[in-house]
Amino acid sequence: MNDEAETLTVNLGAEGVDAAALVAEIRAEVDRKRREGVYDGACIARAERHNLMYMADSEELLRFYLNCLRDTVVVDINDFAIEDRRPGLKGKLLVSLKTVIWKLLKFYTFRMWSQQNQMNALLVTALESTHQQSEKKIAALEARIAALEAGQPQSGENSAA
């Protein structure tokens with residue numbers, strides 16, 4: 001894996017576009033989101049540390065995705081802040097309407113979400129179990145190959161053969 005990240009150079013050539021101001025605005029927004037914890041999710045933090053383009057080891061990539069699956073397996077069915085950017089009475093009425101609609105949808109879909117969470121958990125568990133079994137089999141086969149190459153008899157082999 002390459003430890004040094006390659007830099008990507010992008011040239012903006014549109015009239016009236018201040019590229020330096022645009023880059024500064026993007027960096028300020030990223031800094032603001034970092035301070036607010038937007039990028040604190042396990043998958044995002046790991047993706048920052050392990051740039052996926054440079055993951056040459058497919059085993060490392062598989063472990064990364066298994067961890068991401070494990071961390072995000074549950075569908076979030078909790079309430080959330082419902083907001084509207086429109087000022088005044090119109091904004092307040094829309095928030096009230098959206099809140100009522102959310103409660104109706106939550107009542108209607110709660111069972112489906114619960115079943116989806118169970119199914120997701122079972123699938124991730126099955127995938128991880130299959131991966132662990134494969135790792136054990138591969139390790140045993142590698143040990144057997146090493147022993148055969150070294151000329152050592154394996155346990156269970158018939159030495160009278």
# chains A, B, ... in the order shown; residues from 1 in each chain; ligands from 1

$ residues_around --residues "Asp79 of chain A" --least-positions-apart "6" --cutoff "12 Å" --atoms "only C-alpha atoms" --output "ChimeraX atom specification"
/A:99-100,102-103,105-107,110

$ closest_residue --among "A:Gly16, A:Ala143, A:Val74, A:Glu60" --to "Met119 of chain A" --atoms "only C-alpha atoms"
A:Val74

$ select_by_dssp --residues "segment 59-132 of chain A" --states "alpha helix (DSSP H)" --output "number ranges by chain"
A: 59-71, 88-132

$ atom_distance --atom1 "atom CA of Ser114 of chain A" --atom2 "atom CA of Phe80 of chain A"
17.5 Å

$ atom_distance --atom1 "atom CA of Val75 of chain A" --atom2 "atom CA of Ala126 of chain A"
18.1 Å

$ atom_distance --atom1 "atom CA of Lys92 of chain A" --atom2 "atom CA of Asp76 of chain A"
25.3 Å

$ closest_residue --among "A:Glu128, A:Glu149, A:Glu15, A:Glu135" --to "Cys68 of chain A" --atoms "only C-alpha atoms"
A:Glu128

$ decode --residues "segment 107-138 of chain A" --atoms "N, CA, C and O atoms" --output "compact mmCIF listing (two decimals), in the first residue's frame"
# COMPACT_ATOMS: atom_id res chain seq x y z
N PHE A 107 -45.68 4.64 12.60
CA PHE A 107 -46.62 3.63 13.09
C PHE A 107 -46.82 2.54 12.04
O PHE A 107 -46.82 1.35 12.33
N TYR A 108 -46.96 2.96 10.79
CA TYR A 108 -47.23 2.04 9.68
C TYR A 108 -46.04 1.15 9.36
O TYR A 108 -46.19 -0.01 9.01
N THR A 109 -44.83 1.71 9.45
CA THR A 109 -43.65 0.98 8.98
C THR A 109 -42.80 0.39 10.10
O THR A 109 -41.81 -0.28 9.81
N PHE A 110 -43.15 0.60 11.37
CA PHE A 110 -42.32 0.13 12.49
C PHE A 110 -42.06 -1.37 12.41
O PHE A 110 -40.93 -1.82 12.57
N ARG A 111 -43.08 -2.15 12.17
CA ARG A 111 -42.90 -3.61 12.10
C ARG A 111 -41.98 -4.01 10.95
O ARG A 111 -41.11 -4.86 11.09
N MET A 112 -42.16 -3.36 9.80
CA MET A 112 -41.31 -3.67 8.64
C MET A 112 -39.85 -3.33 8.96
O MET A 112 -38.95 -4.09 8.65
N TRP A 113 -39.61 -2.18 9.59
CA TRP A 113 -38.24 -1.79 9.95
C TRP A 113 -37.64 -2.76 10.95
O TRP A 113 -36.47 -3.10 10.86
N SER A 114 -38.45 -3.18 11.90
CA SER A 114 -37.95 -4.14 12.91
C SER A 114 -37.54 -5.45 12.24
O SER A 114 -36.50 -6.02 12.55
N GLN A 115 -38.38 -5.92 11.32
CA GLN A 115 -38.04 -7.15 10.60
C GLN A 115 -36.80 -6.95 9.73
O GLN A 115 -35.95 -7.84 9.63
N GLN A 116 -36.66 -5.78 9.12
CA GLN A 116 -35.48 -5.49 8.30
C GLN A 116 -34.23 -5.49 9.17
O GLN A 116 -33.18 -6.01 8.77
N ASN A 117 -34.32 -4.92 10.37
CA ASN A 117 -33.18 -4.92 11.28
C ASN A 117 -32.77 -6.34 11.66
O ASN A 117 -31.58 -6.67 11.71
N GLN A 118 -33.76 -7.20 11.92
CA GLN A 118 -33.46 -8.60 12.23
C GLN A 118 -32.78 -9.29 11.05
O GLN A 118 -31.79 -10.00 11.21
N MET A 119 -33.31 -9.07 9.86
CA MET A 119 -32.75 -9.69 8.67
C MET A 119 -31.33 -9.19 8.41
O MET A 119 -30.44 -9.98 8.11
N ASN A 120 -31.11 -7.88 8.55
CA ASN A 120 -29.77 -7.32 8.35
C ASN A 120 -28.78 -7.94 9.33
O ASN A 120 -27.66 -8.30 8.95
N ALA A 121 -29.18 -8.04 10.60
CA ALA A 121 -28.29 -8.61 11.61
C ALA A 121 -27.96 -10.06 11.29
O ALA A 121 -26.80 -10.50 11.43
N LEU A 122 -28.95 -10.83 10.86
CA LEU A 122 -28.72 -12.23 10.51
C LEU A 122 -27.77 -12.35 9.31
O LEU A 122 -26.87 -13.20 9.30
N LEU A 123 -27.97 -11.51 8.32
CA LEU A 123 -27.12 -11.57 7.12
C LEU A 123 -25.67 -11.20 7.44
O LEU A 123 -24.74 -11.86 6.96
N VAL A 124 -25.47 -10.16 8.25
CA VAL A 124 -24.11 -9.78 8.61
C VAL A 124 -23.46 -10.87 9.45
O VAL A 124 -22.29 -11.22 9.23
N THR A 125 -24.21 -11.46 10.38
CA THR A 125 -23.68 -12.54 11.19
C THR A 125 -23.29 -13.73 10.32
O THR A 125 -22.22 -14.33 10.49
N ALA A 126 -24.15 -14.08 9.36
CA ALA A 126 -23.85 -15.20 8.46
C ALA A 126 -22.62 -14.90 7.61
O ALA A 126 -21.75 -15.76 7.42
N LEU A 127 -22.51 -13.68 7.11
CA LEU A 127 -21.37 -13.30 6.30
C LEU A 127 -20.07 -13.34 7.11
O LEU A 127 -19.05 -13.87 6.65
N GLU A 128 -20.11 -12.80 8.32
CA GLU A 128 -18.92 -12.82 9.17
C GLU A 128 -18.54 -14.26 9.55
O GLU A 128 -17.36 -14.61 9.56
N SER A 129 -19.55 -15.08 9.84
CA SER A 129 -19.28 -16.47 10.20
C SER A 129 -18.64 -17.22 9.02
O SER A 129 -17.68 -17.97 9.19
N THR A 130 -19.16 -17.00 7.83
CA THR A 130 -18.61 -17.63 6.64
C THR A 130 -17.16 -17.17 6.42
O THR A 130 -16.28 -17.98 6.10
N HIS A 131 -16.93 -15.89 6.62
CA HIS A 131 -15.58 -15.34 6.46
C HIS A 131 -14.62 -15.96 7.48
O HIS A 131 -13.50 -16.35 7.13
N GLN A 132 -15.05 -16.07 8.73
CA GLN A 132 -14.20 -16.67 9.77
C GLN A 132 -13.91 -18.13 9.48
O GLN A 132 -12.78 -18.60 9.65
N GLN A 133 -14.92 -18.88 9.02
CA GLN A 133 -14.71 -20.28 8.67
C GLN A 133 -13.72 -20.40 7.52
O GLN A 133 -12.84 -21.28 7.54
N SER A 134 -13.85 -19.54 6.54
CA SER A 134 -12.92 -19.57 5.41
C SER A 134 -11.50 -19.26 5.87
O SER A 134 -10.54 -19.89 5.41
N GLU A 135 -11.35 -18.27 6.75
CA GLU A 135 -10.02 -17.94 7.26
C GLU A 135 -9.40 -19.13 8.00
O GLU A 135 -8.21 -19.41 7.84
N LYS A 136 -10.21 -19.85 8.80
CA LYS A 136 -9.70 -21.01 9.53
C LYS A 136 -9.28 -22.12 8.56
O LYS A 136 -8.23 -22.73 8.73
N LYS A 137 -10.10 -22.37 7.54
CA LYS A 137 -9.77 -23.41 6.57
C LYS A 137 -8.50 -23.05 5.81
O LYS A 137 -7.64 -23.91 5.58
N ILE A 138 -8.38 -21.79 5.42
CA ILE A 138 -7.18 -21.36 4.70
C ILE A 138 -5.94 -21.50 5.57
O ILE A 138 -4.90 -21.98 5.11
